[in-house]
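Okay, so here's the structure we're looking at.
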Amino acid sequence: MPKVKLKPGRQAQEIGASLVGAWLKALPPAFTATISAVVSTSPLRITVDIPNAFTLNDVIALRTEDKTGGLRSVRVGQVTGATGKTLRVVDLGSANINYKGKSLLNGVVSKVKDLNDTTLLNELKIVLEQIVDAKVKLVCDAPTELTVVLPALPEGVVTREDLIDYLGTYHNNAQGRHYHDELASAVLFGCR
């Protein structure tokens, strides 16, 4: 991320705490239902043990009984059956899923807030803008996407020659560091 100043009295670790807080807000406290039958894997259709536990377009996560497989951040498609227990599971774009993983029988299903939920993003943006002295633009990764951010140019660099000189100077003075605060310091749980 481009180097920004922290507001007075704030610490970089608060950024990481905010991200973990957003994850905790998106996740449910426990699983909602158990998968009692896998009707079809192509397209994926399951039956759960609790009637009407899910509605059309709920964002859900499925996990195998042994907790080593499953899907997260998918949606409930069509809900069928007299008791609303049978669900078609689709991806976030509502396309059918052809599931090829471990058996989901006796696994669990829970509602999960979509990380790109407008309310969640707005709340996280407000928190982050209280920590850093900059405007925050949030983009949340989707499970099958990689978000790449092109950092802002270092201060004082306006031509290719400036950039080459800047990188040369940095390389000569880096003393083995593999990141650069102004070019692209990664923030993971608030560590820069």
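We name chains A, B, ... following the order of the structure tokens; residues begin at 1 in each chain, and ligands are numbered from 1 as shown.
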Non-local contacts of range 48-50 of chain A (12 Å; only C-alpha atoms; under 5 positions in same chain excluded) as a PyMOL selection string = chain A and resi 31-39+62+79-81+83-89+104-110
Write the residues you've just listed into a file as a short mmCIF file (atom, residue, chain, number, x, y, z; two decimals), in the first residue's frame, and include N, CA and C atoms for each of them.
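File again38.cif, as written:
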data_model
loop_
_atom_site.label_atom_id
_atom_site.label_comp_id
_atom_site.auth_asym_id
_atom_site.auth_seq_id
_atom_site.Cartn_x
_atom_site.Cartn_y
_atom_site.Cartn_z
N PHE A 31 -22.68 -22.48 13.03
CA PHE A 31 -23.35 -22.97 11.82
C PHE A 31 -24.85 -23.03 12.05
N THR A 32 -25.59 -22.83 10.97
CA THR A 32 -27.05 -22.73 11.04
C THR A 32 -27.73 -24.08 10.88
N ALA A 33 -27.25 -24.91 9.96
CA ALA A 33 -27.94 -26.16 9.65
C ALA A 33 -26.94 -27.25 9.23
N THR A 34 -27.41 -28.49 9.29
CA THR A 34 -26.62 -29.64 8.85
C THR A 34 -27.16 -30.13 7.51
N ILE A 35 -26.26 -30.58 6.64
CA ILE A 35 -26.65 -31.10 5.33
C ILE A 35 -27.10 -32.55 5.52
N SER A 36 -28.38 -32.81 5.31
CA SER A 36 -28.91 -34.16 5.51
C SER A 36 -28.90 -34.99 4.22
N ALA A 37 -28.79 -34.33 3.07
CA ALA A 37 -28.71 -35.06 1.80
C ALA A 37 -28.07 -34.17 0.74
N VAL A 38 -27.32 -34.80 -0.15
CA VAL A 38 -26.79 -34.11 -1.33
C VAL A 38 -27.64 -34.63 -2.49
N VAL A 39 -28.57 -33.79 -2.96
CA VAL A 39 -29.50 -34.18 -4.02
C VAL A 39 -28.77 -34.31 -5.34
N LEU A 62 -20.53 -23.62 3.08
CA LEU A 62 -20.77 -25.03 3.33
C LEU A 62 -19.44 -25.66 3.74
N VAL A 79 -35.02 -22.27 -3.64
CA VAL A 79 -35.35 -23.06 -2.45
C VAL A 79 -36.62 -23.83 -2.78
N THR A 80 -36.57 -25.17 -2.62
CA THR A 80 -37.71 -26.00 -2.99
C THR A 80 -38.12 -26.91 -1.84
N GLY A 81 -39.17 -27.64 -2.07
CA GLY A 81 -39.69 -28.56 -1.06
C GLY A 81 -40.73 -27.87 -0.21
N THR A 83 -41.11 -27.85 2.86
CA THR A 83 -40.59 -27.26 4.10
C THR A 83 -39.42 -26.32 3.85
N GLY A 84 -39.09 -26.08 2.60
CA GLY A 84 -38.00 -25.16 2.29
C GLY A 84 -36.64 -25.68 2.72
N LYS A 85 -36.47 -27.00 2.67
CA LYS A 85 -35.20 -27.58 3.11
C LYS A 85 -34.22 -27.86 1.97
N THR A 86 -34.69 -27.89 0.72
CA THR A 86 -33.81 -28.21 -0.39
C THR A 86 -33.38 -26.92 -1.09
N LEU A 87 -32.06 -26.78 -1.26
CA LEU A 87 -31.48 -25.54 -1.79
C LEU A 87 -30.63 -25.84 -3.01
N ARG A 88 -30.74 -25.00 -4.02
CA ARG A 88 -29.77 -25.00 -5.12
C ARG A 88 -28.69 -24.02 -4.70
N VAL A 89 -27.44 -24.43 -4.77
CA VAL A 89 -26.32 -23.58 -4.38
C VAL A 89 -25.67 -23.05 -5.64
N LEU A 104 -20.35 -33.61 0.99
CA LEU A 104 -20.93 -32.62 1.89
C LEU A 104 -21.94 -33.22 2.86
N LEU A 105 -22.28 -34.51 2.69
CA LEU A 105 -23.25 -35.16 3.55
C LEU A 105 -22.83 -35.05 5.01
N ASN A 106 -23.74 -34.63 5.86
CA ASN A 106 -23.50 -34.39 7.29
C ASN A 106 -22.58 -33.20 7.56
N GLY A 107 -22.28 -32.44 6.52
CA GLY A 107 -21.53 -31.21 6.70
C GLY A 107 -22.47 -30.12 7.22
N VAL A 108 -21.98 -28.91 7.30
CA VAL A 108 -22.78 -27.83 7.87
C VAL A 108 -22.86 -26.65 6.91
N VAL A 109 -23.92 -25.85 7.09
CA VAL A 109 -24.17 -24.66 6.27
C VAL A 109 -24.42 -23.50 7.21
N SER A 110 -23.91 -22.33 6.87
CA SER A 110 -24.20 -21.14 7.67
C SER A 110 -24.37 -19.93 6.76
#
Task: Sel. of alpha helix (DSSP H) residues, chain A, as an NGL selection string - done: :A and (13-26 or 118-131 or 160-173 or 181-184)
Mind dumping the selected residues with N, CA and C atoms as a compact mmCIF listing (two decimals), in the first residue's frame?
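As written to disk, part-v4.txt reads:
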# COMPACT_ATOMS: atom_id res chain seq x y z
N GLN A 13 -1.05 -1.28 13.81
CA GLN A 13 -1.71 -2.52 14.21
C GLN A 13 -3.23 -2.38 14.24
N GLU A 14 -3.72 -1.16 14.38
CA GLU A 14 -5.16 -0.93 14.39
C GLU A 14 -5.79 -1.25 13.03
N ILE A 15 -5.01 -1.13 11.96
CA ILE A 15 -5.50 -1.48 10.64
C ILE A 15 -5.82 -2.97 10.62
N GLY A 16 -4.88 -3.77 11.09
CA GLY A 16 -5.09 -5.21 11.14
C GLY A 16 -6.25 -5.58 12.04
N ALA A 17 -6.35 -4.93 13.17
CA ALA A 17 -7.47 -5.21 14.08
C ALA A 17 -8.80 -4.87 13.41
N SER A 18 -8.83 -3.83 12.61
CA SER A 18 -10.06 -3.45 11.89
C SER A 18 -10.45 -4.51 10.87
N LEU A 19 -9.45 -5.06 10.16
CA LEU A 19 -9.72 -6.10 9.17
C LEU A 19 -10.26 -7.36 9.85
N VAL A 20 -9.63 -7.76 10.93
CA VAL A 20 -10.12 -8.94 11.66
C VAL A 20 -11.52 -8.66 12.22
N GLY A 21 -11.76 -7.45 12.68
CA GLY A 21 -13.09 -7.09 13.17
C GLY A 21 -14.15 -7.20 12.08
N ALA A 22 -13.79 -6.81 10.85
CA ALA A 22 -14.73 -6.93 9.73
C ALA A 22 -15.02 -8.40 9.43
N TRP A 23 -13.98 -9.24 9.47
CA TRP A 23 -14.20 -10.68 9.27
C TRP A 23 -15.14 -11.22 10.33
N LEU A 24 -14.89 -10.85 11.59
CA LEU A 24 -15.74 -11.34 12.68
C LEU A 24 -17.18 -10.88 12.51
N LYS A 25 -17.36 -9.67 12.00
CA LYS A 25 -18.72 -9.16 11.78
C LYS A 25 -19.41 -9.92 10.65
N ALA A 26 -18.65 -10.34 9.65
CA ALA A 26 -19.23 -11.04 8.50
C ALA A 26 -19.58 -12.49 8.83
N THR A 118 -22.44 -3.55 1.06
CA THR A 118 -22.27 -2.10 1.13
C THR A 118 -22.17 -1.59 2.56
N THR A 119 -23.02 -2.09 3.43
CA THR A 119 -23.01 -1.63 4.83
C THR A 119 -21.69 -2.00 5.50
N LEU A 120 -21.23 -3.23 5.31
CA LEU A 120 -19.96 -3.67 5.90
C LEU A 120 -18.80 -2.83 5.39
N LEU A 121 -18.75 -2.58 4.08
CA LEU A 121 -17.68 -1.76 3.50
C LEU A 121 -17.71 -0.33 4.02
N ASN A 122 -18.89 0.26 4.12
CA ASN A 122 -19.00 1.63 4.62
C ASN A 122 -18.53 1.73 6.07
N GLU A 123 -18.91 0.76 6.89
CA GLU A 123 -18.49 0.79 8.29
C GLU A 123 -16.98 0.63 8.42
N LEU A 124 -16.39 -0.29 7.65
CA LEU A 124 -14.95 -0.49 7.70
C LEU A 124 -14.20 0.74 7.19
N LYS A 125 -14.73 1.37 6.15
CA LYS A 125 -14.11 2.59 5.62
C LYS A 125 -14.08 3.69 6.68
N ILE A 126 -15.18 3.85 7.40
CA ILE A 126 -15.25 4.86 8.46
C ILE A 126 -14.19 4.58 9.54
N VAL A 127 -14.06 3.33 9.92
CA VAL A 127 -13.07 2.96 10.95
C VAL A 127 -11.66 3.23 10.45
N LEU A 128 -11.34 2.81 9.22
CA LEU A 128 -9.99 2.99 8.69
C LEU A 128 -9.64 4.46 8.51
N GLU A 129 -10.60 5.28 8.11
CA GLU A 129 -10.31 6.70 7.92
C GLU A 129 -10.11 7.43 9.24
N GLN A 130 -10.47 6.80 10.35
CA GLN A 130 -10.15 7.37 11.66
C GLN A 130 -8.73 7.01 12.09
N ILE A 131 -8.13 6.03 11.41
CA ILE A 131 -6.77 5.58 11.75
C ILE A 131 -5.72 6.25 10.87
N ARG A 160 10.14 8.89 -16.27
CA ARG A 160 10.76 7.56 -16.21
C ARG A 160 12.15 7.64 -15.62
N GLU A 161 12.88 8.68 -16.02
CA GLU A 161 14.24 8.85 -15.50
C GLU A 161 14.22 9.02 -13.98
N ASP A 162 13.23 9.78 -13.47
CA ASP A 162 13.10 9.94 -12.01
C ASP A 162 12.89 8.59 -11.34
N LEU A 163 12.03 7.76 -11.94
CA LEU A 163 11.73 6.47 -11.35
C LEU A 163 12.96 5.56 -11.35
N ILE A 164 13.68 5.55 -12.47
CA ILE A 164 14.89 4.72 -12.55
C ILE A 164 15.91 5.18 -11.52
N ASP A 165 16.11 6.48 -11.38
CA ASP A 165 17.03 7.01 -10.36
C ASP A 165 16.56 6.65 -8.95
N TYR A 166 15.27 6.79 -8.72
CA TYR A 166 14.70 6.49 -7.40
C TYR A 166 14.92 5.02 -7.03
N LEU A 167 14.60 4.11 -7.99
CA LEU A 167 14.78 2.68 -7.73
C LEU A 167 16.25 2.33 -7.55
N GLY A 168 17.13 2.96 -8.34
CA GLY A 168 18.56 2.72 -8.19
C GLY A 168 19.05 3.13 -6.81
N THR A 169 18.64 4.30 -6.36
CA THR A 169 19.03 4.78 -5.03
C THR A 169 18.49 3.86 -3.96
N TYR A 170 17.23 3.45 -4.10
CA TYR A 170 16.66 2.54 -3.11
C TYR A 170 17.42 1.23 -3.08
N HIS A 171 17.72 0.67 -4.25
CA HIS A 171 18.43 -0.60 -4.32
C HIS A 171 19.79 -0.50 -3.64
N ASN A 172 20.48 0.60 -3.84
CA ASN A 172 21.81 0.77 -3.25
C ASN A 172 21.76 0.95 -1.73
N ASN A 173 20.65 1.46 -1.22
CA ASN A 173 20.56 1.76 0.21
C ASN A 173 19.59 0.85 0.98
N ASP A 181 8.46 1.16 1.76
CA ASP A 181 7.31 1.84 2.36
C ASP A 181 6.54 2.70 1.36
N GLU A 182 7.24 3.44 0.51
CA GLU A 182 6.54 4.34 -0.40
C GLU A 182 6.02 3.62 -1.64
N LEU A 183 6.75 2.59 -2.10
CA LEU A 183 6.33 1.93 -3.33
C LEU A 183 5.20 0.94 -3.10
N ALA A 184 5.38 0.01 -2.19
CA ALA A 184 4.33 -1.00 -2.02
C ALA A 184 4.57 -1.83 -0.77
Fill in: Coordinates-based distance that separates CA of Pro28 in chain A from CA of Asn52 in chain A (Å, one decimal)
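Between these atoms lies a distance of 17.3 Å.
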Note to self: Among chain A, which ones does DSSP assign to strand (DSSP E) (computed from the backbone)? Answer as a PyMOL selection string.
What the structure shows: chain A and resi 33-41+44-48+59-63+70-80+86-90+108-111
message: So that I can check the surroundings of Thr41 in chain A, please list as a PyMOL selection string every protein, DNA and RNA residue that reaches within 8 Å of it, counting only C-alpha atoms and ignoring chain neighbours fewer than 6 positions away.
response: chain A and resi 97-100
Please write the residues from the selection above to a file, keeping N, CA, C and O atoms, as a compact mmCIF listing (two decimals), in the first residue's frame.
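To be explicit, this is the file written out as out-v5.txt:
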# COMPACT_ATOMS: atom_id res chain seq x y z
N ILE A 97 -23.18 -24.29 -9.76
CA ILE A 97 -21.91 -24.85 -9.28
C ILE A 97 -21.92 -26.33 -9.55
O ILE A 97 -22.87 -27.03 -9.19
N ASN A 98 -20.87 -26.84 -10.18
CA ASN A 98 -20.67 -28.27 -10.35
C ASN A 98 -19.63 -28.69 -9.31
O ASN A 98 -18.43 -28.48 -9.50
N TYR A 99 -20.10 -29.24 -8.21
CA TYR A 99 -19.24 -29.52 -7.06
C TYR A 99 -18.50 -30.84 -7.25
O TYR A 99 -19.10 -31.87 -7.54
N LYS A 100 -17.18 -30.81 -7.04
CA LYS A 100 -16.35 -32.00 -7.20
C LYS A 100 -15.51 -32.29 -5.96
O LYS A 100 -14.60 -33.10 -6.01
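Proximity ranking of A:Val4, A:Ala95, A:Val90, A:Leu27 relative to Val74 in chain A places A:Val90 first, based on only C-alpha atoms.
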Inset, instruction - Tell me, in Å to one decimal, how far CA of Pro151 in chain A is from CA of Lys5 in chain A. - result: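 Interatomic distance here is 15.2 Å.
With only C-alpha atoms as the basis for measurement, A:Gly77 is the residue among A:Gly156, A:Pro8, A:Gly77, A:Gly101 that approaches Arg45 in chain A most closely.
Of note, CA of Val149 in chain A and CA of Arg72 in chain A are spaced 24.0 Å apart.
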